[in-house]
Amino acid sequence: MDNVKTIYKKSEGLSDFNLSYCPGCTHGIIHKLVAETLVELDVLDRSIGISSVGCSALNYDFFSCDMVQAAHGRAPAVATGIKRVKPNTIIFTYQGDGDLASIGIAEAIHAAHRSENITIVFVNNAIYGMTGGQMAPTTLIGQKTTTSQGGRDAHIHGLPLRISEMMATIPGATYIERVSVHNPQHVQKAKKALKKAFTIQKENKGFTLIEFISTCPVNWGLTPKDAIDWAVENMIPYYPLGVYKDKTVGEES
Amino acid sequence: MDNVKTIYKKSEGLSDFNLSYCPGCTHGIIHKLVAETLVELDVLDRSIGISSVGCSALNYDFFSCDMVQAAHGRAPAVATGIKRVKPNTIIFTYQGDGDLASIGIAEAIHAAHRSENITIVFVNNAIYGMTGGQMAPTTLIGQKTTTSQGGRDAHIHGLPLRISEMMATIPGATYIERVSVHNPQHVQKAKKALKKAFTIQKENKGFTLIEFISTCPVNWGLTPKDAIDWAVENMIPYYPLGVYKDKTVGEES
Amino acid sequence: MAKVLMKGNEAMALAAIYAGCEAFYGYPITPQNELPEYLSKHMALHGKAFVQSESEVAAINMVYGAAGAGARVMTSSSSPGIALKQEGITYIAGAELPAVIINVMRGGPGLGGIQPSQGDYKQITRGGGNGDYYLYSLAPESLQEAVDLIKESFDIADYFRNPVMIAVDGLIGQMMEPVDFDREVPKWDLLPKTWAADGNPQGREKNIINSLYLDPLVLEQHNLKLKAKYDEMRKNHQRYELINMKDADIVIVAYGSVARIARTAVEMLTEKGVKCGILKPITIFPYPDQAFAELPDSVRNLLVVEMSTGQMLDDVKIANEGKLPIHFYGRVGGVVPEAEEIVQAVLKIVGGENNG
Amino acid sequence: MAKVLMKGNEAMALAAIYAGCEAFYGYPITPQNELPEYLSKHMALHGKAFVQSESEVAAINMVYGAAGAGARVMTSSSSPGIALKQEGITYIAGAELPAVIINVMRGGPGLGGIQPSQGDYKQITRGGGNGDYYLYSLAPESLQEAVDLIKESFDIADYFRNPVMIAVDGLIGQMMEPVDFDREVPKWDLLPKTWAADGNPQGREKNIINSLYLDPLVLEQHNLKLKAKYDEMRKNHQRYELINMKDADIVIVAYGSVARIARTAVEMLTEKGVKCGILKPITIFPYPDQAFAELPDSVRNLLVVEMSTGQMLDDVKIANEGKLPIHFYGRVGGVVPEAEEIVQAVLKIVGGENNG
Amino acid sequence: MINEKVIIAGFGGQGVMLMGQLLSYAATEKKINTLWFPSYGPETRGGTANCSVTISDSYVNSPVISTPDSIIIMNKPSLAKFQPKLKAGGHLFLNTSLVTDVECREDVIVHEIPANEIAAELGNVKVSNMVVLGAYLAITKLFTEEEVLDILKKKFTGSKANLIEVNRKALEAGRKAVL
Amino acid sequence: MINEKVIIAGFGGQGVMLMGQLLSYAATEKKINTLWFPSYGPETRGGTANCSVTISDSYVNSPVISTPDSIIIMNKPSLAKFQPKLKAGGHLFLNTSLVTDVECREDVIVHEIPANEIAAELGNVKVSNMVVLGAYLAITKLFTEEEVLDILKKKFTGSKANLIEVNRKALEAGRKAVL
Amino acid sequence: MAKGRIIIDIDRCKGCALCTNYCPVHILKLDDEHTNSRGYTPLMVTDPDKCIACAFCAIMCPDSVITVEKFIKEVNNG
Amino acid sequence: MAKGRIIIDIDRCKGCALCTNYCPVHILKLDDEHTNSRGYTPLMVTDPDKCIACAFCAIMCPDSVITVEKFIKEVNNG
Ligand SMILES: Cc1ncc(C[n+]2csc(CCOP(=O)(O)OP(=O)(O)O)c2C)c(N)n1
Ligand SMILES: Cc1ncc(C[n+]2csc(CCOP(=O)(O)OP(=O)(O)O)c2C)c(N)n1
Ligand code: SF4
Ligand code: SF4
Ligand code: SF4
Ligand code: SF4
Ligand code: SF4
Ligand code: SF4
Ligand SMILES: [Mg+2]
Ligand SMILES: [Mg+2]
């Protein structure tokens, strides 16, 4: 008979809780990647995750490391507060686009500005999922939400913010990349990005942010797969994937 | 005898109050430019200025148009609140680097993000003047302040934020320029920039921000002239002057 | 007009439009989201301003701006969002600007929960921000009352040049009830807003909107002026309802949806032969201490019922001046008391026990 | 050690270092700037953390983080800055985290002024944020008392797992006085912080720092647990001082620097043959109602003196239970009452007039 | 005198909120007092949802229904949650397509409606809620099926107008299931 | 028994804050109670500055001095502000270099010190404050000049150490101006 | 013939069907006949023999429902 | 010979000396002999005849102290 080798299973970086996300929501994929990365870098037992306010607010139950639930938008400040007193920990925040790009943009920018040695996992699903589908700063032009019922209109609502591009201009930031999880290949790429970010943090090289293009099937009103296709067709063109800042480049070469 | 022509006098955009600034502080020069611009564009009598919190907090007394004193960092939100109900007014905020770059960065970014049709006068003097010389996000590396008494240290405090560069990445912003007032030539250039910004606003073309390199002789511990020289030698190299964003360019050509 | 069935949040939104609200600035938070969602569509239809701000902090400062420019302006939020607005609220009060703030309360402290609560009583009635100021605070129990009070609240805010807080909870926000939007509400005598910084100085001096007074003697005068306003509210603008008070043996003190639940409890108690009245504050600031003076001599006990651990107790103690025994029954954290529980709490007292 | 002459803000900073403060996060605001300035230098010298945050909002959330990680942590600010921190403070209380918050009060509301004030009494004692929580709040009158209380406050915060507020005003912040840093202060029995999310789970389950409880019944239990804590504070941890109380005819109720000024007034009154005592709350939450029970029978009147329009009056009314006539004298907006004014206010009453 | 308190409970997605709203709209149309109150919050996403409806000639006091006159139970977990509250002698409407193998109280009147099956027969399993509503109306006689359909007609306009017919049939089928 | 309350007032930049602090430091050194309280805020920048110092054997109560025993007036506007508060029979120290053409109360003891001139003669107009302080010490006999200089020595170290001498001379000159 | 197999933690599955779109050999679908304990229609494998143990399904499953095992041929003397 | 003149609003002057650095003909200095009503040493012109009315001083003065007037030669028949 054949021997059997387990090549994929639930990460031990995740607890046994059932994720509270809607069926097919890519939040779950991103959770797996974070968990796997912490395990593979062997830092899980000195990691502290900061839950923010959004659909992921409850993820303090989902990761198996120490967790802190932060006020809406303030996760990077909470992370700073911890990292400065516990410099040997590995700290990540997990923030949605409402949380980071809207109410919490100041805290994100200033964590980068101060070169805080933390990693931000930024989940951009172009909408406020938790509160029922309001417009986010990253909502695309024409996209219908409960507070842009006629579709986002540049004249009334302005043009969507590009966070990775903006944060890349901050002198204090070390590594910023935008990734997507729309197919297995990109999931692997995204994990590589996370690994790079957490490695930089492990080596005390400063601030890292990985932006994930994510979906919200429920509030977009699409099936999970259609939501992924919509993200590929509409979000990625406006939010191109790639490395926006890498201060370690000169170093390495 | 000769005829006499007044070629320079106090702008009628300024009230009769004595400015509360320390002797030789370039805040005063910037005030004159704003006042002159409003008069020259013939919009003074429909202008509303938003004082922020900083040495310029009291400038609600100094401009001769309607004025609103805003909470620390929130001037762009206050401006938004007004402009949306009084679209025919000309609105400017007058904000220091503590006010805008630190506590108020979210409001500045989101006013730009929404393409609010307002003008931000951003006065970067690399320090908190009003409160007695604490470190600002724009304080230069090595610069001594009351909260960076050994000089700003990149490892502890991060690298200074470049606001114009950062805000230029915001898709909703129309015009962003950095200017200086260190000599009469640059004062004139700065005024041209302000005129461009207010003209854009007049024409409802969106968000404009003019960043001024300014001095704080008192908290820098320098004479007014030495302070200006210090700004030229130290600030301008890190904060290069120039236009960072101009969405009207395509239009005009 | 016929009554229309509407969700509380939407009815409150529409009431603001009826009141001539010119701008709404707010940030999403459960359980009040339907309010901004409704306005995001309908304000534009009426040519009015709607901005979903980047945060509650920005929202309240946008309100400050629009109010300072003389516009009728409103924001809404829920408990932690209101906490974030405290600095902005004290500025609005300090600069004497009229504005309407709706707080659809949820369980706290902190992020807490999202179910109905009255846990912001202190935050609302004591002003959560710095300095000596108060919000004229109205606590309706039904959608009709909410709509009527909101329609009037813009007048009240303008009259006093002071923010008005509408204190409701998730029950009011989420329930549907038939509402008549055409009911007459009191009209207040309002002066033109000659003080507004609206960028239109035709024939007037420049206007300044400000709360900064570096000279302490000037700031003291300003504070005394504000105090006179609050004293006037206290003296002449308390609102309350005394229900079933005739020969009452015990009186339930409750506001908002709890008062409503208490009505059912009183019906049940009446069946049991217990004479129970309700003292329902409608203004929670100014607190209706005048109502306590009107209680009949028959009253032997007060029972305060709240969806909190007893935040209104302070005000009841002050109003009661040590006269009647005060008991308390509360549910907290999003738990809504049922009428039976209140009945039991009353029976415990009229049976002689004190569970306060 | 010999006494050292220090500025209040710096003395309070140093006291925190003595107490083993491991991190300070704050944002500049007058009149407390010397406090962070001092720490910006000295925390680093002690290998401790200092961050000038981007805002008060960030500062209080940094405090939340460090406190959750088990560190002794402090922030300081002044009135409008404290208003901005309200959301963060309710989170800290909700998540049951120990932290010390210094409020060097200035005139309000809004931006107000920068001169000494007690205008944040409501904001401090009623919790400016959402939900049912309180801050253990200490109001020293001198630098020595401030230093002693701050040294102890970190223990108190750890003991209750609750934020402690040090309520002082610009006078305390700006004055210089000789202080002895080596005075013994009470030590509290503290348990190890096994609950901390410090990323060091050696042999323990993961820890979670949180204030969110979506299930109302669970959140209710959480609230009742908090309430038990506040009840314990109220019952066993009131602090106050009764001064010159023997045969007192009238008692001044005053806290913080006003109590200090009242001491001079009492000396002057004694010379005039007026028997005047002082009831000085040291904790303003829990409010020392026990002190009122200890007043001698000779007392005929209470005079509340504050640097506000009368924010402590509510608590005095509650503690007094309608027994003695309550009078009030206040200065506000940054005006500091002089001893003579208090003397006059007392004389007016003992002469028979009620200016309350 | 009308004074009906009903709790309607099921999975999110079964249309329990709409059932309750239809009753309140119908009451409003007839100028009868009514109050509809939903469970709300993130838990409605995956889990159960319910709403309470009071319909009364007099002012509706408590929005919280402690002792409902009727309960409509669309799934199993809801039965456990709400059956104990039902007043003695009250009506229990059960969607027996999903609520199987359960014990019901003896002191209440149970109406069993295999709503999913009936709806499936009608060609649209989504109208199982209307089937149960039909049964409820037939028993309580609060409103006629027409009155409820009139409300639906106002809601379903445009492309949705063709749904009216299947809803009519569902109400009818529900009635037949209990009468 | 010592119980001295003094208010020191002048322009920002004249060193009035330092004068008061020196008194408080000297008191602390001698284990005498003291309290120094400054005017503060943005207005100190251009305008006037003042501080109140209490030195007392017993606990200092009010930080606010309503009736000072002495006032030291370094510029004109300060005289108008503080003269009315001075206790009857109290000491009024006037920097007559800047405070000219004024009326002083009859019921107080006025000490006139042309401090700027004296300081200029000493070669450093900045020590005008120390000149007046010398006069104040000479009259009140609170501390010896040495005691004050000892404090200064602790403050002026390194490159500033050479300033001690001119300060010593200033104190001395101030003494001579009033004795 | 199967190169491996997947193990489905049925009760964690939310029936979102996401995984089914990424199986290169098209052997995944929702099992309409069943409802799991949380009320969802869970995943099933139509033709286990075809599984190539690529783990694409598992990688894309947001809820870590799928474990993938690879069969490793023992080098035997057969 | 002066091409113009400046008028100094003495009591607004804060004596910062900034303007003095920008006068191309070096005719500006602080008037050490005087103190204005606000206690500052105000600006003075040392040699008014040299003023070329360039307005540099006025442009650089933060406090709008300086008014600049240009003398315009009348075209006369001289
Ligand atoms: C101060 C405050 N404001 C608002 C809210 C309400 N709120 C909860 S989640 C959320 C939006 C979250 O959106 P996002 O960050 O994009 O996360 P997603 O749910 O889309 O993953 C908001 C506004 C809150 N809890 N606290
Ligand atoms: C909420 C709040 N935080 C802090 C302050 C105190 N404060 C007043 S001015 C100021 C800094 C201003 O610096 P900047 O914006 O650079 O202006 P400048 O004085 O340098 O012109 C601060 C922190 C305040 N008034 N309000
Ligand atoms: S609401 Fe949207 S983002 Fe939130 S869990 Fe559901 S699908 Fe995901
Ligand atoms: S403190 Fe600095 S910025 Fe402020 S007025 Fe003085 S010199 Fe100008
Ligand atoms: S492992 Fe690959 S082949 Fe096997 S079921 Fe999953 S996706 Fe299909
Ligand atoms: S992706 Fe996961 S949750 Fe979704 S159907 Fe497949 S196994 Fe089930
Ligand atoms: S106008 Fe020109 S030349 Fe005349 S004083 Fe001014 S700077 Fe000098
Ligand atoms: S005129 Fe203006 S620039 Fe010149 S010294 Fe006076 S204030 Fe300064
Ligand atoms: Mg989102
Ligand atoms: Mg600055």
# chains A, B, ... in the order shown; residues from 1 in each chain; ligands from 1
>>> residues_around(residues="H:Lys29", least_positions_apart="5", cutoff="12 Å", atoms="only C-alpha atoms", output="list in words")
Gly15, Cys16, Ala17, Leu18, Cys19, Thr20, Asn21, Tyr22, Cys23, Thr41, Pro42, Leu43, Met44, Val45, Thr46, Asp47, Pro48 and Cys57 of chain H
>>> residues_around(residues="B:Ala79", least_positions_apart="4", cutoff="8 Å", atoms="only C-alpha atoms", output="list of chain:residue names")
B:Ile50, B:Ala75, B:Lys83, B:Ile91, B:Phe92, B:Thr93, B:Ile118, C:Met62, C:Gly65
>>> write_last_selection(atoms="C-alpha atoms", output="mmCIF file, in the first residue's frame")
data_model
loop_
_atom_site.group_PDB
_atom_site.id
_atom_site.type_symbol
_atom_site.label_atom_id
_atom_site.label_comp_id
_atom_site.auth_asym_id
_atom_site.auth_seq_id
_atom_site.Cartn_x
_atom_site.Cartn_y
_atom_site.Cartn_z
ATOM 1 C CA ILE B 50 -10.556 77.958 9.492
ATOM 2 C CA ALA B 75 -9.874 72.012 10.280
ATOM 3 C CA LYS B 83 -18.337 73.935 2.102
ATOM 4 C CA ILE B 91 -12.770 78.072 2.286
ATOM 5 C CA PHE B 92 -9.240 77.807 3.515
ATOM 6 C CA THR B 93 -7.753 76.086 6.503
ATOM 7 C CA ILE B 118 -11.141 73.716 -0.306
ATOM 8 C CA MET C 62 -18.090 68.737 10.102
ATOM 9 C CA GLY C 65 -18.460 73.714 10.676
#
>>> residues_near_ligand(ligand="ligand 7", cutoff="6 Å", atoms="only C-alpha atoms and all ligand atoms", output="mmCIF file with C-alpha atoms, in the first residue's frame")
data_model
loop_
_atom_site.group_PDB
_atom_site.id
_atom_site.type_symbol
_atom_site.label_atom_id
_atom_site.label_comp_id
_atom_site.auth_asym_id
_atom_site.auth_seq_id
_atom_site.Cartn_x
_atom_site.Cartn_y
_atom_site.Cartn_z
ATOM 1 C CA TYR H 22 16.731 92.140 2.648
ATOM 2 C CA CYS H 23 17.270 95.815 1.881
ATOM 3 C CA PRO H 24 19.530 95.868 -1.161
ATOM 4 C CA VAL H 25 20.867 99.307 -0.239
ATOM 5 C CA ILE H 27 19.488 101.459 4.915
ATOM 6 C CA CYS H 51 15.649 103.903 -0.927
ATOM 7 C CA ILE H 52 14.875 102.380 -4.297
ATOM 8 C CA ALA H 53 11.340 101.409 -3.326
ATOM 9 C CA CYS H 54 11.961 97.771 -4.096
ATOM 10 C CA ALA H 55 9.569 96.789 -1.282
ATOM 11 C CA PHE H 56 11.737 93.866 -0.274
ATOM 12 C CA CYS H 57 11.636 95.044 3.316
#
>>> residues_near_ligand(ligand="ligand 10", cutoff="6 Å", atoms="only C-alpha atoms and all ligand atoms", output="ChimeraX atom specification")
/B:96-98,124-129
>>> select_by_dssp(residues="stretch 8-179 of chain E", states="strand (DSSP E)", output="ChimeraX atom specification")
/E:8-11,33-38,48-56,70-73,91-95,109-113
>>> atom_distance(atom1="atom 8 (Fe, counted along the ligand's line) of ligand 4", atom2="atom CA of F:Gly10")
21.9 Å
>>> closest_residue(among="A:Gly24, A:Pro217, A:Pro76, A:Gly13", to="ligand 6", atoms="only C-alpha atoms and all ligand atoms")
A:Gly24
>>> residues_around(residues="F:Glu29", least_positions_apart="5", cutoff="9 Å", atoms="only C-alpha atoms", output="list in words")
Ala2, Lys3, Val4 and Leu5 of chain D; Ser24, Glu147 and Ile151 of chain F
>>> closest_atom_pairs(of="chain B", to="ligand 2", cutoff="10 Å", atoms="only C-alpha atoms and all ligand atoms", output="Markdown table")
| residue | atom | partner | partner_atom_place_in_ligand_line | distance |
| --- | --- | --- | --- | --- |
| B:Tyr21 | CA | ligand 2 | 21 (O) | 9.2 |
| B:Cys25 | CA | ligand 2 | 21 (O) | 9.6 |
| B:Thr26 | CA | ligand 2 | 21 (O) | 9.8 |
| B:His27 | CA | ligand 2 | 21 (O) | 7.4 |
| B:Ser52 | CA | ligand 2 | 15 (O) | 7.6 |
| B:Val53 | CA | ligand 2 | 9 (S) | 4.8 |
| B:Gly54 | CA | ligand 2 | 9 (S) | 3.4 |
| B:Cys55 | CA | ligand 2 | 19 (O) | 3.8 |
| B:Ser56 | CA | ligand 2 | 21 (O) | 5.8 |
| B:Ala57 | CA | ligand 2 | 9 (S) | 7.6 |
| B:Ala70 | CA | ligand 2 | 26 (N) | 9.8 |
| B:Ala71 | CA | ligand 2 | 26 (N) | 6.5 |
| B:His72 | CA | ligand 2 | 26 (N) | 4.9 |
| B:Gly73 | CA | ligand 2 | 15 (O) | 7.9 |
| B:Arg74 | CA | ligand 2 | 1 (C) | 9.5 |
| B:Tyr94 | CA | ligand 2 | 21 (O) | 9.4 |
| B:Gln95 | CA | ligand 2 | 15 (O) | 6.0 |
| B:Gly96 | CA | ligand 2 | 15 (O) | 3.4 |
| B:Asp97 | CA | ligand 2 | 16 (O) | 3.9 |
| B:Gly98 | CA | ligand 2 | 15 (O) | 3.4 |
| B:Asp99 | CA | ligand 2 | 15 (O) | 3.7 |
| B:Leu100 | CA | ligand 2 | 15 (O) | 6.5 |
| B:Ala101 | CA | ligand 2 | 15 (O) | 8.0 |
| B:Ser102 | CA | ligand 2 | 15 (O) | 8.0 |
| B:Ile103 | CA | ligand 2 | 3 (N) | 7.8 |
| B:Gly104 | CA | ligand 2 | 15 (O) | 9.1 |
| B:Phe122 | CA | ligand 2 | 15 (O) | 9.1 |
| B:Val123 | CA | ligand 2 | 21 (O) | 6.8 |
| B:Asn124 | CA | ligand 2 | 16 (O) | 6.7 |
| B:Asn125 | CA | ligand 2 | 20 (O) | 5.9 |
| B:Ala126 | CA | ligand 2 | 16 (O) | 6.9 |
| B:Ile127 | CA | ligand 2 | 20 (O) | 5.3 |
| B:Tyr128 | CA | ligand 2 | 13 (O) | 3.6 |
| B:Gly129 | CA | ligand 2 | 19 (O) | 3.4 |
| B:Met130 | CA | ligand 2 | 19 (O) | 3.8 |
| B:Thr131 | CA | ligand 2 | 10 (C) | 5.3 |
| B:Gly132 | CA | ligand 2 | 19 (O) | 8.1 |
| B:Gly133 | CA | ligand 2 | 20 (O) | 7.7 |
| B:Gln134 | CA | ligand 2 | 11 (C) | 8.0 |
| B:Met135 | CA | ligand 2 | 16 (O) | 8.9 |
| B:Ala136 | CA | ligand 2 | 16 (O) | 6.6 |
| B:Pro137 | CA | ligand 2 | 16 (O) | 9.0 |
| B:Thr138 | CA | ligand 2 | 16 (O) | 8.8 |
| B:Thr139 | CA | ligand 2 | 16 (O) | 9.7 |
| B:Ser214 | CA | ligand 2 | 21 (O) | 8.8 |
| B:Thr215 | CA | ligand 2 | 20 (O) | 8.6 |
| B:Cys216 | CA | ligand 2 | 20 (O) | 7.2 |
| B:Asn219 | CA | ligand 2 | 20 (O) | 9.1 |
>>> residues_around(residues="E:Gln14", least_positions_apart="3", cutoff="9 Å", atoms="only C-alpha atoms", output="PyMOL selection string")
chain E and resi 10-11+17+49+74+126-129
>>> residues_around(residues="stretch 55-59 of chain F", least_positions_apart="5", cutoff="12 Å", atoms="only C-alpha atoms", output="PyMOL selection string")
(chain D and resi 141-144+176-178+260-261+263-264) or (chain F and resi 1-7+20-37+65+68-70+140+142-143)
>>> write_last_selection(atoms="N, CA and C atoms", output="CSV table (one decimal), in the first residue's frame")
chain,number,residue,atom,x,y,z
D,141,GLU,N,-3.8,67.9,46.4
D,141,GLU,CA,-3.8,69.4,46.6
D,141,GLU,C,-2.4,70.0,46.5
D,142,SER,N,-1.4,69.1,46.7
D,142,SER,CA,0.0,69.6,46.7
D,142,SER,C,0.9,68.7,45.9
D,143,LEU,N,2.1,69.1,45.7
D,143,LEU,CA,3.0,68.3,44.9
D,143,LEU,C,3.4,67.0,45.7
D,144,GLN,N,3.5,67.2,47.0
D,144,GLN,CA,3.8,66.0,47.8
D,144,GLN,C,2.7,65.0,47.7
D,176,MET,N,6.1,75.1,41.7
D,176,MET,CA,7.2,74.4,42.2
D,176,MET,C,7.1,74.3,43.7
D,177,GLU,N,7.4,73.1,44.3
D,177,GLU,CA,7.4,72.9,45.7
D,177,GLU,C,8.4,71.9,46.1
D,178,PRO,N,8.9,71.9,47.3
D,178,PRO,CA,9.9,70.9,47.6
D,178,PRO,C,9.1,69.6,47.8
D,260,ARG,N,-6.7,73.6,49.1
D,260,ARG,CA,-5.5,74.2,49.6
D,260,ARG,C,-5.8,75.7,49.9
D,261,ILE,N,-6.4,76.3,49.0
D,261,ILE,CA,-6.7,77.8,49.1
D,261,ILE,C,-7.7,77.9,50.3
D,263,ARG,N,-7.7,76.2,52.9
D,263,ARG,CA,-7.0,76.2,54.2
D,263,ARG,C,-6.6,77.6,54.7
D,264,THR,N,-6.2,78.4,53.7
D,264,THR,CA,-5.8,79.8,54.1
D,264,THR,C,-7.1,80.5,54.5
F,1,MET,N,9.5,83.6,63.0
F,1,MET,CA,8.7,82.8,62.1
F,1,MET,C,8.7,83.5,60.7
F,2,ILE,N,9.2,82.7,59.7
F,2,ILE,CA,9.2,83.2,58.3
F,2,ILE,C,7.8,83.0,57.7
F,3,ASN,N,7.3,84.0,57.1
F,3,ASN,CA,6.1,83.8,56.2
F,3,ASN,C,6.1,84.9,55.2
F,4,GLU,N,6.8,84.7,54.1
F,4,GLU,CA,7.0,85.8,53.2
F,4,GLU,C,6.3,85.4,51.9
F,5,LYS,N,5.5,86.4,51.4
F,5,LYS,CA,4.8,86.2,50.1
F,5,LYS,C,5.2,87.3,49.2
F,6,VAL,N,5.9,86.9,48.1
F,6,VAL,CA,6.3,87.9,47.2
F,6,VAL,C,5.9,87.6,45.8
F,7,ILE,N,5.5,88.7,45.1
F,7,ILE,CA,5.2,88.6,43.6
F,7,ILE,C,6.3,89.3,42.8
F,20,GLY,N,12.4,84.2,41.2
F,20,GLY,CA,11.5,83.6,42.1
F,20,GLY,C,12.0,82.2,42.4
F,21,GLN,N,12.5,81.5,41.4
F,21,GLN,CA,12.9,80.1,41.6
F,21,GLN,C,14.1,80.1,42.5
F,22,LEU,N,15.0,81.1,42.4
F,22,LEU,CA,16.2,81.1,43.2
F,22,LEU,C,15.8,81.2,44.7
F,23,LEU,N,14.8,82.0,44.9
F,23,LEU,CA,14.3,82.1,46.3
F,23,LEU,C,13.7,80.7,46.8
F,24,SER,N,13.0,80.1,46.0
F,24,SER,CA,12.4,78.8,46.4
F,24,SER,C,13.5,77.7,46.5
F,25,TYR,N,14.5,77.8,45.6
F,25,TYR,CA,15.6,76.8,45.8
F,25,TYR,C,16.3,77.0,47.1
F,26,ALA,N,16.6,78.3,47.4
F,26,ALA,CA,17.3,78.6,48.6
F,26,ALA,C,16.5,78.2,49.9
F,27,ALA,N,15.2,78.4,49.8
F,27,ALA,CA,14.3,77.9,50.9
F,27,ALA,C,14.4,76.4,51.0
F,28,THR,N,14.3,75.7,49.9
F,28,THR,CA,14.3,74.2,49.9
F,28,THR,C,15.6,73.8,50.5
F,29,GLU,N,16.7,74.4,50.1
F,29,GLU,CA,18.0,74.1,50.6
F,29,GLU,C,18.0,74.1,52.2
F,30,LYS,N,17.3,75.1,52.7
F,30,LYS,CA,17.3,75.3,54.1
F,30,LYS,C,16.1,74.6,54.8
F,31,LYS,N,15.5,73.7,54.0
F,31,LYS,CA,14.4,73.0,54.5
F,31,LYS,C,13.2,73.8,55.0
F,32,ILE,N,13.0,74.9,54.4
F,32,ILE,CA,11.9,75.8,54.7
F,32,ILE,C,10.9,75.6,53.6
F,33,ASN,N,9.6,75.6,54.0
F,33,ASN,CA,8.6,75.4,53.0
F,33,ASN,C,8.5,76.5,52.0
F,34,THR,N,8.2,76.2,50.8
F,34,THR,CA,8.1,77.2,49.7
F,34,THR,C,7.2,76.8,48.6
F,35,LEU,N,6.7,77.7,47.9
F,35,LEU,CA,5.9,77.4,46.7
F,35,LEU,C,6.1,78.5,45.7
F,36,TRP,N,6.4,78.1,44.5
F,36,TRP,CA,6.7,79.1,43.4
F,36,TRP,C,5.6,78.8,42.4
F,37,PHE,N,4.9,79.8,41.9
F,37,PHE,CA,3.9,79.7,40.9
F,37,PHE,C,4.0,80.7,39.8
F,65,ILE,N,-1.4,84.2,45.8
F,65,ILE,CA,-1.0,85.2,46.7
F,65,ILE,C,-2.0,86.4,46.5
F,68,PRO,N,0.4,90.2,48.8
F,68,PRO,CA,1.8,89.9,49.0
F,68,PRO,C,2.4,90.8,50.1
F,69,ASP,N,3.5,90.3,50.7
F,69,ASP,CA,4.3,91.1,51.6
F,69,ASP,C,5.2,92.0,50.9
F,70,SER,N,5.7,91.5,49.8
F,70,SER,CA,6.5,92.3,48.9
F,70,SER,C,6.1,92.1,47.5
F,140,THR,N,14.9,92.1,53.0
F,140,THR,CA,14.1,91.0,53.7
F,140,THR,C,15.0,90.1,54.6
F,142,LEU,N,16.0,87.3,54.0
F,142,LEU,CA,15.6,85.9,53.9
F,142,LEU,C,16.7,85.0,53.7
F,143,PHE,N,17.6,85.3,52.8
F,143,PHE,CA,18.8,84.5,52.6
F,143,PHE,C,20.0,85.3,52.4
>>> interface_residues(of="chain D", to="chain B", cutoff="10 Å", atoms="only C-alpha atoms", output="JSON, numbers by chain")
{"D": [27, 28, 29, 30, 31, 32, 33, 34, 36, 37, 38, 39, 40, 41, 49, 50, 51, 52, 53, 54, 55, 56, 57, 58, 80, 81, 110, 111]}
>>> closest_residue(among="D:Glu22, D:Asp289, D:Asp215, D:Glu96", to="chain E", atoms="only C-alpha atoms")
D:Asp215
>>> interface_residues(of="chain G", to="chain E", cutoff="12 Å", atoms="only C-alpha atoms", output="VMD selection string")
chain G and resid 14 to 15 35 37 to 40
>>> select_by_dssp(residues="stretch 142-250 of chain B", states="helix (DSSP H, G or I)", output="NGL selection string")
:B and (154-157 or 163-167 or 184-202 or 217-220 or 224-238 or 248-250)
